[in-house]
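Visitor: Got upload28.tsv for you, TSV, C-alpha atoms and all ligand atoms:
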chain	number	residue	atom	x	y	z
A	1	MET	CA	-101.13	52.10	4.72
A	2	VAL	CA	-101.61	54.88	7.26
A	3	PHE	CA	-104.66	56.94	6.44
A	4	ASN	CA	-103.94	60.41	5.08
A	5	MET	CA	-100.19	59.89	4.89
A	6	PRO	CA	-99.09	61.80	1.81
A	7	LYS	CA	-97.44	59.57	-0.74
A	8	LYS	CA	-93.73	59.96	-1.30
A	9	THR	CA	-92.58	61.18	-4.69
A	10	ILE	CA	-90.61	59.23	-7.28
A	11	LEU	CA	-89.01	60.67	-10.38
A	12	SER	CA	-87.13	58.94	-13.14
A	13	GLY	CA	-86.19	59.63	-16.74
A	14	ILE	CA	-85.24	57.70	-19.83
A	15	GLN	CA	-83.65	58.90	-23.05
A	16	PRO	CA	-85.64	58.56	-26.28
A	17	THR	CA	-82.75	57.06	-28.18
A	18	GLY	CA	-84.24	53.83	-29.49
A	19	VAL	CA	-86.46	50.97	-28.49
A	20	PHE	CA	-85.83	49.92	-24.88
A	21	THR	CA	-83.92	46.74	-24.27
A	22	LEU	CA	-84.74	43.83	-22.07
A	23	GLY	CA	-82.21	45.41	-19.69
A	24	ASN	CA	-84.17	48.68	-19.51
A	25	TYR	CA	-87.36	46.68	-18.99
A	26	ILE	CA	-86.09	44.37	-16.24
A	27	GLY	CA	-83.83	46.89	-14.55
A	28	ALA	CA	-86.07	49.94	-14.72
A	29	ILE	CA	-89.41	50.26	-16.47
A	30	ARG	CA	-91.01	47.13	-15.04
A	31	ASN	CA	-90.28	48.54	-11.57
A	32	TRP	CA	-91.53	52.01	-12.48
A	33	ALA	CA	-94.88	50.41	-13.30
A	34	SER	CA	-95.04	48.57	-10.00
A	35	MET	CA	-94.40	51.74	-7.95
A	36	GLN	CA	-97.40	53.64	-9.24
A	37	GLU	CA	-99.80	52.73	-6.42
A	38	GLU	CA	-97.54	53.42	-3.52
A	39	TYR	CA	-95.86	56.59	-4.79
A	40	ASP	CA	-96.65	59.82	-6.55
A	41	CYS	CA	-94.69	59.17	-9.74
A	42	PHE	CA	-93.19	61.46	-12.38
A	43	TYR	CA	-91.71	59.74	-15.42
A	44	ALA	CA	-90.01	61.79	-18.11
A	45	ILE	CA	-88.77	61.11	-21.60
A	46	VAL	CA	-85.62	63.19	-21.41
A	47	ASP	CA	-85.31	64.69	-24.87
A	48	LEU	CA	-83.28	67.64	-23.57
A	49	HIS	CA	-80.64	65.23	-22.36
A	50	ALA	CA	-80.70	63.34	-25.66
A	51	ILE	CA	-79.42	66.32	-27.68
A	52	THR	CA	-76.11	66.36	-25.80
A	53	VAL	CA	-75.11	64.02	-28.61
A	54	ARG	CA	-76.08	64.90	-32.17
A	55	GLN	CA	-79.57	63.69	-33.15
A	56	ASP	CA	-81.39	63.67	-36.44
A	57	PRO	CA	-84.48	65.88	-35.78
A	58	ASN	CA	-86.97	63.56	-37.48
A	59	VAL	CA	-85.57	60.51	-35.77
A	60	LEU	CA	-85.59	62.22	-32.38
A	61	ARG	CA	-89.22	63.28	-32.78
A	62	ARG	CA	-90.34	59.84	-33.89
A	63	GLN	CA	-88.37	58.11	-31.14
A	64	SER	CA	-89.78	60.42	-28.47
A	65	LEU	CA	-93.32	59.51	-29.53
A	66	ASP	CA	-92.47	55.82	-29.88
A	67	CYS	CA	-90.83	55.77	-26.46
A	68	TYR	CA	-93.88	57.42	-24.96
A	69	ALA	CA	-96.16	54.74	-26.39
A	70	LEU	CA	-93.70	52.09	-25.23
A	71	LEU	CA	-93.81	53.36	-21.66
A	72	LEU	CA	-97.57	53.05	-21.68
A	73	ALA	CA	-97.30	49.59	-23.25
A	74	CYS	CA	-94.98	48.60	-20.39
A	75	GLY	CA	-97.68	49.48	-17.90
A	76	LEU	CA	-97.17	53.14	-16.99
A	77	ASP	CA	-100.66	54.44	-16.41
A	78	PRO	CA	-101.19	58.10	-17.36
A	79	ALA	CA	-104.19	58.21	-15.01
A	80	LYS	CA	-101.95	57.36	-12.05
A	81	SER	CA	-98.60	58.93	-12.91
A	82	ALA	CA	-97.37	62.04	-14.67
A	83	VAL	CA	-95.83	60.55	-17.81
A	84	PHE	CA	-94.43	63.40	-19.88
A	85	ILE	CA	-91.85	64.71	-22.31
A	86	GLN	CA	-89.17	66.74	-20.54
A	87	SER	CA	-89.04	69.61	-23.07
A	88	HIS	CA	-92.79	70.18	-22.54
A	89	VAL	CA	-92.08	71.39	-19.02
A	90	PRO	CA	-89.81	74.43	-19.48
A	91	ALA	CA	-89.29	74.81	-15.74
A	92	HIS	CA	-86.68	72.00	-15.93
A	93	SER	CA	-84.45	74.12	-18.16
A	94	GLN	CA	-85.10	77.22	-16.10
A	95	LEU	CA	-84.15	75.54	-12.84
A	96	SER	CA	-81.17	73.94	-14.52
A	97	TRP	CA	-79.66	77.35	-15.27
A	98	ILE	CA	-80.06	78.43	-11.67
A	99	LEU	CA	-78.60	75.20	-10.31
A	100	SER	CA	-75.64	75.51	-12.65
A	101	CYS	CA	-74.72	78.59	-10.62
A	102	TYR	CA	-74.65	76.34	-7.54
A	103	THR	CA	-72.48	73.67	-9.13
A	104	GLN	CA	-68.72	73.77	-9.31
A	105	PHE	CA	-66.70	73.26	-12.46
A	106	GLY	CA	-64.56	70.76	-10.54
A	107	GLU	CA	-67.58	68.69	-9.53
A	108	LEU	CA	-68.74	68.34	-13.13
A	109	SER	CA	-65.20	67.53	-14.27
A	110	ARG	CA	-65.21	64.50	-11.98
A	111	MET	CA	-68.34	62.92	-13.48
A	112	THR	CA	-67.34	59.59	-15.00
A	113	GLN	CA	-70.13	59.69	-17.60
A	114	PHE	CA	-68.77	63.01	-18.88
A	115	LYS	CA	-65.29	61.53	-19.12
A	116	ASP	CA	-66.63	58.48	-20.99
A	117	LYS	CA	-68.86	60.41	-23.35
A	118	SER	CA	-66.29	63.08	-24.12
A	119	SER	CA	-63.83	60.42	-25.19
A	120	ARG	CA	-66.51	58.58	-27.18
A	121	TYR	CA	-67.82	61.72	-28.91
A	122	SER	CA	-64.53	63.61	-29.02
A	123	GLU	CA	-65.64	65.58	-32.11
A	124	ASN	CA	-68.48	67.19	-30.13
A	125	ILE	CA	-67.59	67.86	-26.49
A	126	ASN	CA	-70.29	70.48	-26.06
A	127	ALA	CA	-71.19	72.40	-22.90
A	128	GLY	CA	-74.45	70.47	-22.60
A	129	LEU	CA	-72.54	67.23	-22.26
A	130	PHE	CA	-70.67	68.85	-19.38
A	131	THR	CA	-73.71	70.34	-17.62
A	132	TYR	CA	-75.89	67.27	-18.28
A	133	PRO	CA	-75.89	66.29	-14.57
A	134	VAL	CA	-77.15	69.75	-13.57
A	135	LEU	CA	-80.21	69.32	-15.78
A	136	GLN	CA	-80.69	65.89	-14.25
A	137	ALA	CA	-80.51	67.47	-10.78
A	138	ALA	CA	-83.17	69.97	-11.89
A	139	ASP	CA	-85.40	67.10	-13.11
A	140	ILE	CA	-85.21	65.51	-9.69
A	141	LEU	CA	-85.24	68.52	-7.36
A	142	ILE	CA	-88.04	70.38	-9.11
A	143	TYR	CA	-90.51	67.66	-7.97
A	144	ASN	CA	-88.88	67.34	-4.55
A	145	ALA	CA	-88.50	63.65	-5.35
A	146	HIS	CA	-87.79	61.45	-2.33
A	147	TYR	CA	-86.62	58.52	-4.39
A	148	VAL	CA	-84.99	58.15	-7.79
A	149	PRO	CA	-84.84	54.67	-9.30
A	150	VAL	CA	-81.48	54.55	-11.03
A	151	GLY	CA	-78.93	52.05	-12.15
A	152	ALA	CA	-75.41	52.01	-10.81
A	153	ASP	CA	-74.18	54.15	-13.71
A	154	GLN	CA	-76.37	57.05	-12.55
A	155	LYS	CA	-75.50	57.00	-8.85
A	156	GLN	CA	-72.82	59.62	-9.21
A	157	HIS	CA	-75.30	61.98	-10.86
A	158	LEU	CA	-77.77	61.42	-8.05
A	159	GLU	CA	-75.12	62.15	-5.45
A	160	LEU	CA	-74.35	65.39	-7.25
A	161	ALA	CA	-78.06	66.29	-7.17
A	162	ARG	CA	-77.99	65.80	-3.41
A	163	ASP	CA	-74.86	67.95	-3.05
A	164	ILE	CA	-76.46	70.72	-5.10
A	165	ALA	CA	-79.64	70.51	-2.99
A	166	VAL	CA	-77.66	70.68	0.27
A	167	ARG	CA	-75.70	73.67	-1.00
A	168	PHE	CA	-78.81	75.53	-2.10
A	169	ASN	CA	-80.63	74.74	1.15
A	170	THR	CA	-77.64	75.90	3.20
A	171	VAL	CA	-77.53	79.25	1.45
A	172	HIS	CA	-81.26	79.91	1.09
A	173	GLY	CA	-82.98	77.82	3.76
A	174	GLU	CA	-84.86	74.52	3.45
A	175	THR	CA	-86.04	74.36	-0.16
A	176	PHE	CA	-85.30	71.02	-1.81
A	177	THR	CA	-85.96	67.49	-0.57
A	178	LEU	CA	-82.79	65.42	-0.60
A	179	PRO	CA	-83.33	62.59	-3.08
A	180	GLU	CA	-82.27	59.03	-2.36
A	181	PRO	CA	-81.55	56.24	-4.81
A	182	TYR	CA	-84.32	53.69	-5.02
A	183	ILE	CA	-83.02	50.18	-5.19
A	184	PRO	CA	-85.90	47.95	-6.26
A	185	LYS	CA	-86.57	44.88	-4.10
A	186	GLU	CA	-85.94	42.66	-7.10
A	187	GLY	CA	-82.92	44.56	-8.33
A	188	ALA	CA	-81.60	43.01	-11.49
A	189	LYS	CA	-78.91	44.19	-13.80
A	190	VAL	CA	-79.00	42.62	-17.22
A	191	MET	CA	-75.73	42.13	-19.07
A	192	SER	CA	-74.92	41.90	-22.77
A	193	LEU	CA	-75.65	38.50	-24.34
A	194	THR	CA	-72.40	38.56	-26.28
A	195	ASP	CA	-70.14	40.07	-23.59
A	196	PRO	CA	-71.64	39.33	-20.17
A	197	THR	CA	-69.12	41.56	-18.41
A	198	ALA	CA	-70.73	44.66	-20.03
A	199	LYS	CA	-74.18	46.09	-19.36
A	200	MET	CA	-76.85	45.33	-22.00
A	201	SER	CA	-77.13	48.52	-24.01
A	202	LYS	CA	-79.24	49.66	-26.94
A	203	SER	CA	-76.31	51.66	-28.27
A	204	ASP	CA	-74.19	48.51	-28.64
A	205	ASP	CA	-73.00	48.04	-32.24
A	206	ASN	CA	-73.68	44.31	-32.08
A	207	ALA	CA	-77.46	43.80	-32.29
A	208	ASN	CA	-77.08	40.24	-30.97
A	209	SER	CA	-75.86	41.63	-27.66
A	210	TYR	CA	-79.26	42.98	-26.66
A	211	VAL	CA	-82.91	42.02	-26.90
A	212	SER	CA	-85.18	44.88	-27.78
A	213	ILE	CA	-88.55	44.71	-26.04
A	214	LEU	CA	-90.31	44.70	-29.43
A	215	ASP	CA	-88.20	41.92	-30.96
A	216	PRO	CA	-90.44	39.21	-32.40
A	217	PRO	CA	-90.29	35.84	-30.58
A	218	GLU	CA	-88.17	34.17	-33.32
A	219	MET	CA	-85.54	36.85	-33.00
A	220	ILE	CA	-85.54	36.61	-29.21
A	221	MET	CA	-85.03	32.84	-29.50
A	222	LYS	CA	-82.18	33.32	-31.94
A	223	LYS	CA	-80.38	35.81	-29.70
A	224	PHE	CA	-80.66	33.60	-26.64
A	225	LYS	CA	-79.45	30.55	-28.55
A	226	ARG	CA	-76.32	32.51	-29.46
A	227	ALA	CA	-75.77	33.93	-25.98
A	228	VAL	CA	-72.24	33.56	-24.63
A	229	THR	CA	-71.94	31.09	-21.74
A	230	ASP	CA	-68.87	29.07	-20.73
A	231	SER	CA	-67.34	25.67	-21.30
A	232	ASP	CA	-68.37	23.74	-18.21
A	233	SER	CA	-72.06	23.28	-19.13
A	234	VAL	CA	-73.51	23.32	-15.60
A	235	VAL	CA	-76.42	25.68	-14.93
A	236	CYS	CA	-75.49	27.21	-11.59
A	237	TYR	CA	-75.02	30.71	-10.25
A	238	LYS	CA	-71.38	31.17	-9.40
A	239	GLU	CA	-68.66	33.77	-9.59
A	240	GLY	CA	-66.83	33.65	-12.90
A	241	LYS	CA	-69.87	32.28	-14.79
A	242	ASP	CA	-70.98	35.71	-15.99
A	243	GLY	CA	-72.88	34.48	-19.04
A	244	VAL	CA	-74.83	31.80	-17.17
A	245	ASN	CA	-75.44	34.09	-14.19
A	246	ASN	CA	-76.93	36.67	-16.57
A	247	LEU	CA	-79.23	34.11	-18.21
A	248	MET	CA	-80.29	32.87	-14.77
A	249	THR	CA	-81.13	36.41	-13.68
A	250	ILE	CA	-83.23	36.89	-16.81
A	251	TYR	CA	-84.93	33.49	-16.53
A	252	GLY	CA	-85.61	34.15	-12.84
A	253	VAL	CA	-87.32	37.47	-13.56
A	254	ALA	CA	-89.32	36.03	-16.46
A	255	THR	CA	-90.55	33.00	-14.51
A	256	GLY	CA	-90.45	34.17	-10.89
A	257	MET	CA	-88.14	31.26	-10.03
A	258	THR	CA	-85.25	31.43	-7.56
A	259	ASN	CA	-81.71	30.39	-8.49
A	260	PRO	CA	-81.89	27.04	-6.61
A	261	GLN	CA	-85.15	26.25	-8.43
A	262	ILE	CA	-83.54	27.04	-11.77
A	263	GLU	CA	-80.48	24.97	-10.91
A	264	SER	CA	-82.61	21.95	-10.15
A	265	GLU	CA	-84.79	22.39	-13.23
A	266	PHE	CA	-81.69	22.17	-15.43
A	267	ALA	CA	-79.65	19.69	-13.40
A	268	GLY	CA	-78.07	17.21	-15.81
A	269	LYS	CA	-79.26	19.14	-18.86
A	270	GLY	CA	-77.07	21.14	-21.20
A	271	TYR	CA	-77.01	24.84	-21.93
A	272	GLY	CA	-79.00	24.33	-25.15
A	273	ASP	CA	-82.13	23.47	-23.25
A	274	PHE	CA	-81.58	26.28	-20.73
A	275	LYS	CA	-81.11	28.88	-23.49
A	276	THR	CA	-84.25	27.73	-25.32
A	277	LYS	CA	-86.33	27.90	-22.15
A	278	THR	CA	-84.94	31.34	-21.33
A	279	GLY	CA	-85.76	32.62	-24.82
A	280	GLU	CA	-89.29	31.25	-24.57
A	281	ALA	CA	-89.86	32.75	-21.13
A	282	VAL	CA	-88.63	36.17	-22.28
A	283	ALA	CA	-90.74	36.09	-25.46
A	284	GLU	CA	-93.75	35.25	-23.30
A	285	MET	CA	-93.01	37.94	-20.68
A	286	LEU	CA	-92.79	40.56	-23.44
A	287	ARG	CA	-95.91	39.39	-25.27
A	288	PRO	CA	-98.32	41.83	-23.55
A	289	VAL	CA	-95.89	44.70	-24.19
A	290	ARG	CA	-95.68	43.84	-27.91
A	291	GLU	CA	-99.44	43.50	-28.21
A	292	GLU	CA	-100.26	46.68	-26.32
A	293	TYR	CA	-97.67	48.63	-28.29
A	294	ALA	CA	-99.16	47.43	-31.58
A	295	ARG	CA	-102.58	48.58	-30.37
A	296	LEU	CA	-101.32	51.97	-29.13
A	297	SER	CA	-99.40	52.68	-32.33
A	298	ALA	CA	-102.72	53.28	-34.05
A	299	GLU	CA	-103.97	55.60	-31.28
A	300	LYS	CA	-102.09	58.81	-32.12
A	301	ASP	CA	-104.74	61.14	-30.67
A	302	TYR	CA	-104.89	59.22	-27.43
A	303	ILE	CA	-101.08	59.38	-27.09
A	304	ARG	CA	-101.15	63.14	-27.69
A	305	ASP	CA	-103.85	63.61	-25.06
A	306	CYS	CA	-101.77	61.60	-22.60
A	307	TYR	CA	-98.52	63.50	-23.04
A	308	THR	CA	-100.32	66.83	-22.99
A	309	ALA	CA	-102.08	65.98	-19.75
A	310	GLY	CA	-98.86	64.51	-18.32
A	311	ALA	CA	-96.97	67.74	-19.00
A	312	GLU	CA	-99.72	69.86	-17.43
A	313	ARG	CA	-99.71	67.76	-14.32
A	314	ALA	CA	-95.92	67.89	-14.05
A	315	ALA	CA	-95.75	71.61	-14.86
A	316	ALA	CA	-98.13	72.51	-12.03
A	317	VAL	CA	-95.71	71.04	-9.49
A	318	ALA	CA	-92.55	72.19	-11.28
A	319	GLN	CA	-93.79	75.76	-11.68
A	320	ALA	CA	-94.55	76.06	-7.96
A	321	THR	CA	-91.03	74.93	-7.04
A	322	LEU	CA	-89.47	77.26	-9.58
A	323	ARG	CA	-91.40	80.21	-8.21
A	324	GLU	CA	-90.24	79.46	-4.68
A	325	VAL	CA	-86.65	79.27	-5.94
A	326	TYR	CA	-86.97	82.55	-7.87
A	327	ASP	CA	-88.25	84.22	-4.74
A	328	LYS	CA	-85.48	82.82	-2.52
A	329	ILE	CA	-82.66	83.87	-4.81
A	330	GLY	CA	-84.01	87.40	-5.12
A	331	PHE	CA	-85.70	87.46	-8.51
A	332	VAL	CA	-88.67	89.80	-8.71
A	333	VAL	CA	-91.69	87.49	-8.71
A	401	LIG	N1	-79.25	60.32	-17.15
A	401	LIG	C1	-80.25	59.29	-17.12
A	401	LIG	C2	-79.79	58.11	-17.99
A	401	LIG	O1	-79.09	58.31	-18.95
A	401	LIG	C3	-81.58	59.79	-17.60
A	401	LIG	C4	-82.15	60.83	-16.70
A	401	LIG	C5	-82.30	62.15	-16.97
A	401	LIG	C6	-82.63	60.63	-15.38
A	401	LIG	N2	-82.87	62.80	-15.91
A	401	LIG	C7	-83.08	61.89	-14.93
A	401	LIG	C8	-82.70	59.51	-14.55
A	401	LIG	C9	-83.58	62.06	-13.64
A	401	LIG	C10	-83.22	59.69	-13.27
A	401	LIG	C11	-83.64	60.96	-12.82
A	401	LIG	O2	-80.17	57.00	-17.69
Translate the structure of the given file into structure tokens.
Guide:
Amino acid sequence: MVFNMPKKTILSGIQPTGVFTLGNYIGAIRNWASMQEEYDCFYAIVDLHAITVRQDPNVLRRQSLDCYALLLACGLDPAKSAVFIQSHVPAHSQLSWILSCYTQFGELSRMTQFKDKSSRYSENINAGLFTYPVLQAADILIYNAHYVPVGADQKQHLELARDIAVRFNTVHGETFTLPEPYIPKEGAKVMSLTDPTAKMSKSDDNANSYVSILDPPEMIMKKFKRAVTDSDSVVCYKEGKDGVNNLMTIYGVATGMTNPQIESEFAGKGYGDFKTKTGEAVAEMLRPVREEYARLSAEKDYIRDCYTAGAERAAAVAQATLREVYDKIGFVV
């Protein structure tokens, strides 16, 4: 690395709405952990975003704390990165209001996640659900993040954040860094075990469709044994074999093997063997996470110290950006 080159900034966020799945782990959090040396990282538990759908207060509070401990158990290091709870840094909400005045109604109306969620939660199409992407833009722009690791479902929100940044910069002069999506080198999207055409999701009604990262090994084995495959019983990566392709992706990540290596390991063997091996590899990959989480669950004071320090570290950067924005738009500072 070039001496004295400032590190680039990464920001990402995850909702505290339940234990992360294997999909969250493989597709996101595992990569967040590996970026901590090379980048200046900000990782937020986005509780403000979570209340766009109705939450039970006690459940939300417990899940926010559990998710925080889980992030640490997955390898986020509070000494290296700012790991914090979004609502602890009020500057996000403050910038969000300002940015909402630089976002068009039409732009927000085109967001596919809004369209999906407003049909799914048709009894509660609140304004927060509509302005959700503006808050997400504030999360990103307030740290002048260069890169945002996101899945395909969040790309539209990231593009909107860029559009808002360009608009603000055009009116008020260079202020925000334009964020880019970060596609991890080992990009992997994990699909549902029961419907491999849909993304693995913790909000799926069928608990067999996802593996939670705290599932005990027996349960992981059971879910993989039931995973949907196809009727031709050949382990190979090929279009149309969504179930097998998904298991191969997972097995590849868990073992570090390439697809050709996996294909030759299981040549002439049935799916039963392949599913068992995949279950075992996943249970083993998640072992350190389970063990560290069990240890951290007893360390309430340590967790509180970490999220307090994380918020202070984040707020120092966020506050400076907010002040610059206040000044540029003509607030008395
Ligand atoms: N909307 C994201 C999701 O549901 C979570 C999120 C909120 C986020 N703010 C963010 C992701 C900022 C990346 C950057 O997955």
Visitor: Taking all atoms listed in the file into account, produce a table as a Markdown table in which each residue of chain A with an atom at most 7 Å from an atom of ligand LIG 401 (chain A) appears once, together with its shortest atom pair and the distance in Å to one decimal, ordered by chain and rising number.
Guide:
| residue | atom | partner | partner_atom | distance |
| --- | --- | --- | --- | --- |
| A:Leu11 | CA | A:LIG401 | C11 | 5.9 |
| A:Ser12 | CA | A:LIG401 | C10 | 4.0 |
| A:Gly13 | CA | A:LIG401 | C6 | 3.9 |
| A:Ile14 | CA | A:LIG401 | C3 | 4.8 |
| A:Gln15 | CA | A:LIG401 | C3 | 5.9 |
| A:Val46 | CA | A:LIG401 | C5 | 5.6 |
| A:His49 | CA | A:LIG401 | C5 | 6.4 |
| A:Gln136 | CA | A:LIG401 | N2 | 4.1 |
| A:Ala137 | CA | A:LIG401 | C9 | 6.8 |
| A:Asp139 | CA | A:LIG401 | C9 | 5.4 |
| A:Ile140 | CA | A:LIG401 | C9 | 5.5 |
| A:Val148 | CA | A:LIG401 | C11 | 5.9 |
| A:Pro149 | CA | A:LIG401 | C10 | 6.6 |
| A:Val150 | CA | A:LIG401 | C10 | 5.9 |
| A:Gln154 | CA | A:LIG401 | N1 | 6.3 |
Visitor: What gap, in Å, lies between CA of Thr175 (chain A) and CA of Ala318 (chain A)?
Guide: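 These two atoms are separated by 13.1 Å.
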Visitor: Tell me, in Å to one decimal, how far CA of Tyr251 (chain A) is from CA of Val83 (chain A).
Guide: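 Here the two named atoms are 29.2 Å from each other.
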Visitor: Do you know which residues are at most 8 Å from region 128-132 of chain A counting all atoms listed in the file, after dropping those on the same chain fewer than 3 positions away, and could you put them as a PDB file with C-alpha atoms, keeping the file's coordinate frame?
Guide:
ATOM      1  CA  HIS A  49     -80.640  65.230 -22.360  1.00  0.00           C
ATOM      2  CA  THR A  52     -76.110  66.360 -25.800  1.00  0.00           C
ATOM      3  CA  VAL A  53     -75.110  64.020 -28.610  1.00  0.00           C
ATOM      4  CA  SER A 100     -75.640  75.510 -12.650  1.00  0.00           C
ATOM      5  CA  LEU A 108     -68.740  68.340 -13.130  1.00  0.00           C
ATOM      6  CA  SER A 109     -65.200  67.530 -14.270  1.00  0.00           C
ATOM      7  CA  PHE A 114     -68.770  63.010 -18.880  1.00  0.00           C
ATOM      8  CA  LYS A 117     -68.860  60.410 -23.350  1.00  0.00           C
ATOM      9  CA  SER A 118     -66.290  63.080 -24.120  1.00  0.00           C
ATOM     10  CA  ILE A 125     -67.590  67.860 -26.490  1.00  0.00           C
ATOM     11  CA  LEU A 135     -80.210  69.320 -15.780  1.00  0.00           C
ATOM     12  CA  GLN A 136     -80.690  65.890 -14.250  1.00  0.00           C
TER      13      GLN A 136
END
Visitor: Provide the CA of Asp301 (chain A) to CA of Ile45 (chain A) distance in Å, to one decimal place.
Guide: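 Those two atoms sit 18.4 Å apart.
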Visitor: In terms of the shortest atom-to-atom distance over all atoms listed in the file, which of A:Thr197, A:Thr17, A:Asn31, A:Gln261 is closest to Leu65 (chain A)?
Guide: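 Of A:Thr197, A:Thr17, A:Asn31, A:Gln261, the one nearest Leu65 (chain A) is A:Thr17, counting all atoms listed in the file.
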Visitor: Which of these, A:Thr321, A:Ser34, A:Ser209, A:Gln55, has the shortest distance to Lys80 (chain A) once you count all atoms listed in the file?
Guide: A:Ser34
Visitor: Skip Leu71 (chain A) itself and residues of its chain fewer than 2 positions away, then list as a ChimeraX atom specification all residues within 12 Å of it, counting all atoms listed in the file.
Guide: /A:13-16,19-20,24-25,28-33,43-45,63-69,73-78,81-85,213,289-290,292-293,296,303,306-307
Visitor: Around the point (-89.5, 74.8, -11.9) in the file's coordinates, collect all residues with an atom within 6 Å, using all atoms listed in the file, and return them as an mmCIF file with C-alpha atoms, in the coordinates of the input.
Guide:
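Wrote selection20.cif, looks like this:
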data_model
loop_
_atom_site.group_PDB
_atom_site.id
_atom_site.type_symbol
_atom_site.label_atom_id
_atom_site.label_comp_id
_atom_site.auth_asym_id
_atom_site.auth_seq_id
_atom_site.Cartn_x
_atom_site.Cartn_y
_atom_site.Cartn_z
ATOM 1 C CA ALA A 91 -89.290 74.810 -15.740
ATOM 2 C CA HIS A 92 -86.680 72.000 -15.930
ATOM 3 C CA LEU A 95 -84.150 75.540 -12.840
ATOM 4 C CA ILE A 142 -88.040 70.380 -9.110
ATOM 5 C CA ALA A 318 -92.550 72.190 -11.280
ATOM 6 C CA GLN A 319 -93.790 75.760 -11.680
ATOM 7 C CA THR A 321 -91.030 74.930 -7.040
ATOM 8 C CA LEU A 322 -89.470 77.260 -9.580
#
Visitor: Using only C-alpha atoms, which residues sit within 9 Å of Ile220 (chain A) once same-chain residues fewer than 2 positions away are excluded, as a PyMOL selection string?
Guide: chain A and resi 211-212+215-218+222-225+279-280+282-283
Visitor: Generate a file of the selected residues that holds C-alpha atoms, formatted as a PDB file, keeping the file's coordinate frame.
Guide:
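File produced: part-v1.pdb:
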ATOM      1  CA  VAL A 211     -82.910  42.020 -26.900  1.00  0.00           C
ATOM      2  CA  SER A 212     -85.180  44.880 -27.780  1.00  0.00           C
ATOM      3  CA  ASP A 215     -88.200  41.920 -30.960  1.00  0.00           C
ATOM      4  CA  PRO A 216     -90.440  39.210 -32.400  1.00  0.00           C
ATOM      5  CA  PRO A 217     -90.290  35.840 -30.580  1.00  0.00           C
ATOM      6  CA  GLU A 218     -88.170  34.170 -33.320  1.00  0.00           C
ATOM      7  CA  LYS A 222     -82.180  33.320 -31.940  1.00  0.00           C
ATOM      8  CA  LYS A 223     -80.380  35.810 -29.700  1.00  0.00           C
ATOM      9  CA  PHE A 224     -80.660  33.600 -26.640  1.00  0.00           C
ATOM     10  CA  LYS A 225     -79.450  30.550 -28.550  1.00  0.00           C
ATOM     11  CA  GLY A 279     -85.760  32.620 -24.820  1.00  0.00           C
ATOM     12  CA  GLU A 280     -89.290  31.250 -24.570  1.00  0.00           C
ATOM     13  CA  VAL A 282     -88.630  36.170 -22.280  1.00  0.00           C
ATOM     14  CA  ALA A 283     -90.740  36.090 -25.460  1.00  0.00           C
TER      15      ALA A 283
END
Visitor: Please determine, counting all atoms listed in the file, which residue among A:Leu141, A:Val59, A:Ala161, A:Leu72 has the shortest atom-to-atom distance to Pro288 (chain A).
Guide: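 Closest to Pro288 (chain A), using all atoms listed in the file: A:Leu72.
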Visitor: Listed atoms of region 228-234 of chain A, axis-aligned box, 5 Å per side: centre and edge lengths to one decimal in Å, as JSON?
Guide:
{"center_x": -70.4, "center_y": 28.4, "center_z": -20.1, "size_x": 16.2, "size_y": 20.3, "size_z": 19.0}
